[in-house]
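Undergrad: Contents of target-v1.cif (mmCIF, C-alpha atoms):
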```cif
data_model
#
loop_
_atom_site.group_PDB
_atom_site.id
_atom_site.type_symbol
_atom_site.label_atom_id
_atom_site.label_comp_id
_atom_site.auth_asym_id
_atom_site.auth_seq_id
_atom_site.Cartn_x
_atom_site.Cartn_y
_atom_site.Cartn_z
ATOM 1 C CA MET A 1 104.062 130.849 98.265
ATOM 2 C CA THR A 2 106.320 130.295 101.263
ATOM 3 C CA THR A 3 106.676 127.029 103.095
ATOM 4 C CA ASN A 4 105.733 128.559 106.443
ATOM 5 C CA VAL A 5 102.153 129.130 105.273
ATOM 6 C CA SER A 6 99.748 126.655 106.872
ATOM 7 C CA ASP A 7 98.044 123.954 104.847
ATOM 8 C CA GLN A 8 94.670 125.479 105.690
ATOM 9 C CA THR A 9 95.748 128.870 104.311
ATOM 10 C CA VAL A 10 96.841 127.212 101.060
ATOM 11 C CA ILE A 11 93.587 125.245 100.881
ATOM 12 C CA ASP A 12 91.582 128.432 101.424
ATOM 13 C CA LYS A 13 93.458 130.113 98.554
ATOM 14 C CA VAL A 14 92.802 127.160 96.228
ATOM 15 C CA LEU A 15 89.118 127.120 97.145
ATOM 16 C CA ALA A 16 88.962 130.882 96.563
ATOM 17 C CA GLY A 17 90.077 130.342 92.975
ATOM 18 C CA ASP A 18 93.886 130.508 93.152
ATOM 19 C CA THR A 19 94.424 127.041 91.697
ATOM 20 C CA ARG A 20 98.155 127.691 91.315
ATOM 21 C CA ALA A 21 98.416 127.600 95.109
ATOM 22 C CA PHE A 22 97.802 123.855 94.921
ATOM 23 C CA ALA A 23 101.417 123.530 93.755
ATOM 24 C CA THR A 24 102.424 124.273 97.361
ATOM 25 C CA ILE A 25 100.437 121.261 98.553
ATOM 26 C CA MET A 26 102.095 119.106 95.918
ATOM 27 C CA GLU A 27 105.561 120.383 96.830
ATOM 28 C CA ARG A 28 104.948 119.572 100.496
ATOM 29 C CA TYR A 29 103.463 116.121 100.087
ATOM 30 C CA ALA A 30 104.340 114.609 96.697
ATOM 31 C CA GLN A 31 107.405 112.723 97.931
ATOM 32 C CA ARG A 32 105.623 111.361 100.991
ATOM 33 C CA VAL A 33 102.574 110.272 98.980
ATOM 34 C CA PHE A 34 104.841 108.672 96.390
ATOM 35 C CA ALA A 35 106.705 106.821 99.161
ATOM 36 C CA LEU A 36 103.418 105.534 100.556
ATOM 37 C CA VAL A 37 102.214 104.428 97.122
ATOM 38 C CA ALA A 38 105.558 102.873 96.198
ATOM 39 C CA GLY A 39 105.556 101.010 99.489
ATOM 40 C CA MET A 40 102.224 99.486 98.593
ATOM 41 C CA ILE A 41 102.617 98.742 94.879
ATOM 42 C CA GLY A 42 106.333 98.963 94.238
ATOM 43 C CA ASP A 43 108.600 101.709 93.012
ATOM 44 C CA GLY A 44 107.958 102.122 89.315
ATOM 45 C CA PRO A 45 105.915 103.985 86.738
ATOM 46 C CA ASP A 46 102.659 102.749 88.269
ATOM 47 C CA ALA A 47 103.562 104.461 91.556
ATOM 48 C CA GLY A 48 104.143 107.744 89.723
ATOM 49 C CA ASP A 49 100.878 107.439 87.832
ATOM 50 C CA MET A 50 98.966 106.590 91.003
ATOM 51 C CA THR A 51 100.518 109.561 92.812
ATOM 52 C CA GLN A 52 99.302 111.860 90.043
ATOM 53 C CA GLU A 53 95.818 110.337 90.217
ATOM 54 C CA ILE A 54 95.786 110.889 93.968
ATOM 55 C CA PHE A 55 96.616 114.572 93.651
ATOM 56 C CA ILE A 56 93.938 114.997 90.981
ATOM 57 C CA LYS A 57 91.438 113.403 93.366
ATOM 58 C CA VAL A 58 92.649 115.563 96.269
ATOM 59 C CA PHE A 59 92.358 118.711 94.161
ATOM 60 C CA SER A 60 88.822 117.858 93.090
ATOM 61 C CA SER A 61 87.830 116.876 96.645
ATOM 62 C CA LEU A 62 89.530 119.740 98.469
ATOM 63 C CA SER A 63 86.222 121.365 99.382
ATOM 64 C CA SER A 64 85.302 118.246 101.383
ATOM 65 C CA PHE A 65 88.284 118.680 103.736
ATOM 66 C CA LYS A 66 86.664 119.822 106.972
ATOM 67 C CA GLY A 67 89.743 120.039 109.214
ATOM 68 C CA SER A 68 88.618 117.386 111.711
ATOM 69 C CA SER A 69 92.039 115.771 111.184
ATOM 70 C CA SER A 70 95.303 117.179 109.910
ATOM 71 C CA PHE A 71 95.464 117.727 106.175
ATOM 72 C CA SER A 72 98.254 115.157 105.841
ATOM 73 C CA THR A 73 96.124 112.509 107.575
ATOM 74 C CA TRP A 74 93.229 113.267 105.213
ATOM 75 C CA LEU A 75 95.589 113.148 102.228
ATOM 76 C CA PHE A 76 97.101 109.822 103.320
ATOM 77 C CA ARG A 77 93.649 108.334 103.805
ATOM 78 C CA ILE A 78 92.677 109.267 100.261
ATOM 79 C CA SER A 79 96.014 107.899 99.035
ATOM 80 C CA TYR A 80 95.619 104.633 100.906
ATOM 81 C CA ASN A 81 92.021 104.139 99.773
ATOM 82 C CA MET A 82 92.853 104.802 96.133
ATOM 83 C CA VAL A 83 95.751 102.337 96.146
ATOM 84 C CA ILE A 84 93.705 99.671 97.923
ATOM 85 C CA SER A 85 90.897 100.167 95.387
ATOM 86 C CA SER A 86 93.346 99.722 92.525
ATOM 87 C CA LEU A 87 94.818 96.600 94.145
ATOM 88 C CA ARG A 88 91.381 95.052 94.533
ATOM 89 C CA ARG A 89 90.700 95.233 90.827
ATOM 90 C CA PRO A 90 90.859 91.753 89.346
ATOM 91 C CA ASP A 91 93.498 92.822 86.816
ATOM 92 C CA SER A 92 95.877 93.962 89.558
ATOM 93 C CA PRO A 93 98.946 91.723 90.051
ATOM 94 C CA GLU A 94 98.723 92.158 93.827
ATOM 95 C CA SER A 95 94.966 91.751 94.176
ATOM 96 C CA ALA A 96 95.446 88.862 96.598
ATOM 97 C CA ILE A 97 96.436 90.824 99.698
ATOM 98 C CA ASN A 98 95.380 88.075 102.104
ATOM 99 C CA ASP A 99 98.326 86.110 103.471
ATOM 100 C CA GLU A 100 96.735 84.500 106.542
ATOM 101 C CA LYS A 101 98.693 81.286 105.853
ATOM 102 C CA PHE A 102 101.810 83.106 107.017
ATOM 103 C CA TRP A 103 100.358 84.259 110.330
ATOM 104 C CA THR A 104 100.052 80.725 111.655
ATOM 105 C CA GLY A 105 103.862 80.488 111.604
ATOM 106 C CA VAL A 106 104.441 83.730 113.492
ATOM 107 C CA ALA A 107 104.536 83.382 117.257
ATOM 108 C CA ASP A 108 103.437 86.312 119.408
ATOM 109 C CA ASN A 109 106.342 85.799 121.823
ATOM 110 C CA THR A 110 109.099 86.217 119.221
ATOM 111 C CA PRO A 111 111.597 88.952 120.146
ATOM 112 C CA ASP A 112 111.652 92.129 118.073
ATOM 113 C CA GLU A 113 115.396 92.370 117.490
ATOM 114 C CA VAL A 114 117.203 90.385 114.823
ATOM 115 C CA ASP A 115 120.930 90.849 114.276
ATOM 116 C CA ASP A 116 123.351 89.336 111.823
ATOM 117 C CA GLU A 117 126.627 87.832 112.976
ATOM 118 C CA ASP A 118 128.149 91.288 113.580
ATOM 119 C CA GLY A 119 125.226 92.358 115.749
ATOM 120 C CA PHE A 120 123.682 94.647 113.131
ATOM 121 C CA LEU A 121 120.791 94.252 110.746
ATOM 122 C CA SER A 122 121.825 95.368 107.285
ATOM 123 C CA VAL A 123 119.646 97.885 105.515
ATOM 124 C CA ASP A 124 119.556 95.634 102.453
ATOM 125 C CA ARG A 125 118.246 92.744 104.527
ATOM 126 C CA LEU A 126 115.578 95.004 106.020
ATOM 127 C CA TYR A 127 114.445 96.202 102.588
ATOM 128 C CA GLU A 128 114.338 92.618 101.312
ATOM 129 C CA ALA A 129 112.128 91.716 104.275
ATOM 130 C CA LEU A 130 109.876 94.735 103.709
ATOM 131 C CA ASP A 131 109.419 93.677 100.078
ATOM 132 C CA LYS A 132 107.924 90.412 101.329
ATOM 133 C CA LEU A 133 105.153 92.208 103.201
ATOM 134 C CA SER A 134 101.732 92.813 101.708
ATOM 135 C CA PRO A 135 100.873 96.352 100.571
ATOM 136 C CA ASP A 136 98.736 96.918 103.692
ATOM 137 C CA GLU A 137 101.571 95.836 105.949
ATOM 138 C CA ARG A 138 104.154 98.027 104.209
ATOM 139 C CA THR A 139 101.735 100.947 104.450
ATOM 140 C CA LEU A 140 101.270 100.528 108.178
ATOM 141 C CA ILE A 141 105.043 100.300 108.735
ATOM 142 C CA THR A 142 105.646 103.324 106.483
ATOM 143 C CA LEU A 143 103.015 105.467 108.167
ATOM 144 C CA PHE A 144 104.213 104.606 111.676
ATOM 145 C CA TYR A 145 107.993 104.528 111.338
ATOM 146 C CA LEU A 146 108.743 106.769 108.356
ATOM 147 C CA ASP A 147 105.927 109.303 108.451
ATOM 148 C CA GLY A 148 105.646 109.341 112.246
ATOM 149 C CA LYS A 149 101.869 109.026 112.236
ATOM 150 C CA SER A 150 100.201 108.148 115.528
ATOM 151 C CA LEU A 151 98.175 104.973 115.898
ATOM 152 C CA SER A 152 94.972 107.020 115.884
ATOM 153 C CA GLU A 153 95.975 108.707 112.608
ATOM 154 C CA ILE A 154 96.915 105.357 111.077
ATOM 155 C CA ALA A 155 93.605 103.900 112.230
ATOM 156 C CA PHE A 156 91.782 106.750 110.492
ATOM 157 C CA ILE A 157 93.836 106.477 107.298
ATOM 158 C CA MET A 158 93.467 102.707 107.027
ATOM 159 C CA SER A 159 89.873 102.515 108.319
ATOM 160 C CA LEU A 160 90.852 100.421 111.339
ATOM 161 C CA SER A 161 90.207 100.695 115.036
ATOM 162 C CA GLU A 162 93.168 102.025 116.997
ATOM 163 C CA THR A 163 93.447 98.677 118.785
ATOM 164 C CA ASN A 164 93.474 96.831 115.463
ATOM 165 C CA ALA A 165 96.189 99.142 114.109
ATOM 166 C CA LYS A 166 98.307 98.510 117.212
ATOM 167 C CA THR A 167 97.796 94.745 116.992
ATOM 168 C CA ARG A 168 98.620 94.672 113.291
ATOM 169 C CA LEU A 169 101.765 96.731 113.858
ATOM 170 C CA PHE A 170 102.832 94.259 116.559
ATOM 171 C CA ARG A 171 102.193 91.283 114.275
ATOM 172 C CA ILE A 172 103.945 92.887 111.323
ATOM 173 C CA ARG A 173 107.053 93.408 113.445
ATOM 174 C CA LYS A 174 106.904 89.719 114.375
ATOM 175 C CA LYS A 175 106.461 88.797 110.730
ATOM 176 C CA LEU A 176 109.486 90.902 109.776
ATOM 177 C CA HIS A 177 111.459 89.189 112.524
ATOM 178 C CA LYS A 178 110.543 85.770 111.125
ATOM 179 C CA ILE A 179 111.375 86.766 107.552
ATOM 180 C CA ILE A 180 114.743 88.179 108.595
ATOM 181 C CA SER A 181 115.519 85.267 110.949
ATOM 182 C CA ASP A 182 114.713 82.727 108.258
ATOM 183 C CA GLY A 183 116.938 84.638 105.839
ATOM 184 C CA ILE A 184 119.842 84.670 108.295
ATOM 185 C CA ARG A 185 119.506 80.941 108.983
ATOM 186 C CA GLN A 186 119.522 80.188 105.246
ATOM 187 C CA GLN A 187 122.810 82.015 104.683
#
```
Translate this file's structure into structure tokens.

TA:
Amino acid sequence: MTTNVSDQTVIDKVLAGDTRAFATIMERYAQRVFALVAGMIGDGPDAGDMTQEIFIKVFSSLSSFKGSSSFSTWLFRISYNMVISSLRRPDSPESAINDEKFWTGVADNTPDEVDDEDGFLSVDRLYEALDKLSPDERTLITLFYLDGKSLSEIAFIMSLSETNAKTRLFRIRKKLHKIISDGIRQQ
């Protein structure tokens, strides 16, 4: 199957009985779903396992895709919900997603840009800061900046209002600024 075939055409083929066509969906989205999952739970074997579980769920739920959003938005919503459900299990190491204590130290008037002494933010420093975010926060950043999803798509995926998604994105940027600034001051 060629890559210029629409998602809906592939979905129609799968629903018509050509289950091998689902491989096209996996080829198109496996890396992006893995990146989303890894951003939420860390890059390791659990992220690979969760990605497989997501595609099994998507395959079994494909008939419920109605096309009211793009297929990728629907897929990311399923992915997000499955990861959040796994994180909420009591046996999950990251089940405590709530970090409200931190928000009291983040001012809303903090500038967005943080540079090191040369005027550039190192990629390593950025990744270290991203690792300090909660899974929800990393997901929002990943969907917006890496996957290029709109605020309305992110709101749908994460079951938020569009205003809430925008506010959270703003606050997460401030939080990243504080994390990076604190790291620079400590060096």

Undergrad: I'd like the residues picked by the PyMOL selection byres ((chain A and resi 37) around 12) written out as a ChimeraX atom specification, using the chain letters and numbers from the file.

TA: /A:30-36,38-54,76-84,86-87,135-136,138-140,142-143

Undergrad: Need the shell around Leu15 of chain A: protein/DNA/RNA residues with any atom at most 12 Å away, counting all atoms listed in the file. Skip same-chain ones fewer than 2 positions apart. Format as a list in words?

TA: Gln8, Thr9, Val10, Ile11, Asp12, Lys13, Gly17, Asp18, Thr19, Arg20, Ala21, Phe22, Phe59, Ser60, Ser61, Leu62, Ser63, Ser64 and Phe65 of chain A

Undergrad: Between atom CA of Asp7 of chain A and atom CA of Ile157 of chain A, what is the distance in Å, rounded to a tenth?

TA: 18.1 Å

Undergrad: What is the distance, in Å and to one decimal place, between atom CA of Phe71 of chain A and atom CA of Ser85 of chain A?

TA: 21.1 Å

Undergrad: Calculate how many Å separate atom CA of Met158 of chain A from atom CA of Arg125 of chain A, rounding to one decimal.

TA: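 It comes out at 26.8 Å.
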
Undergrad: Just say which residues the PyMOL selection byres ((chain A and resi 152-154) around 10) picks in this file, as a list in words.

TA: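 Taken on the displayed file, the PyMOL selection byres ((chain A and resi 152-154) around 10) yields the residues Ser69, Ser70, Ser72, Thr73, Trp74, Phe76, Arg77, Thr139, Leu140, Ile141, Leu143, Phe144, Gly148, Lys149, Ser150, Leu151, Ala155, Phe156, Ile157, Met158, Ser159, Leu160, Ser161, Glu162, Thr163, Ala165 and Lys166 of chain A.
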
Undergrad: The PyMOL selection byres ((chain A and resi 180) around 8) - which residues does that actually catch in the file I just gave you? List them as JSON, numbers by chain.

TA: {"A": [114, 125, 126, 129, 176, 177, 178, 179, 181, 182, 183, 184]}
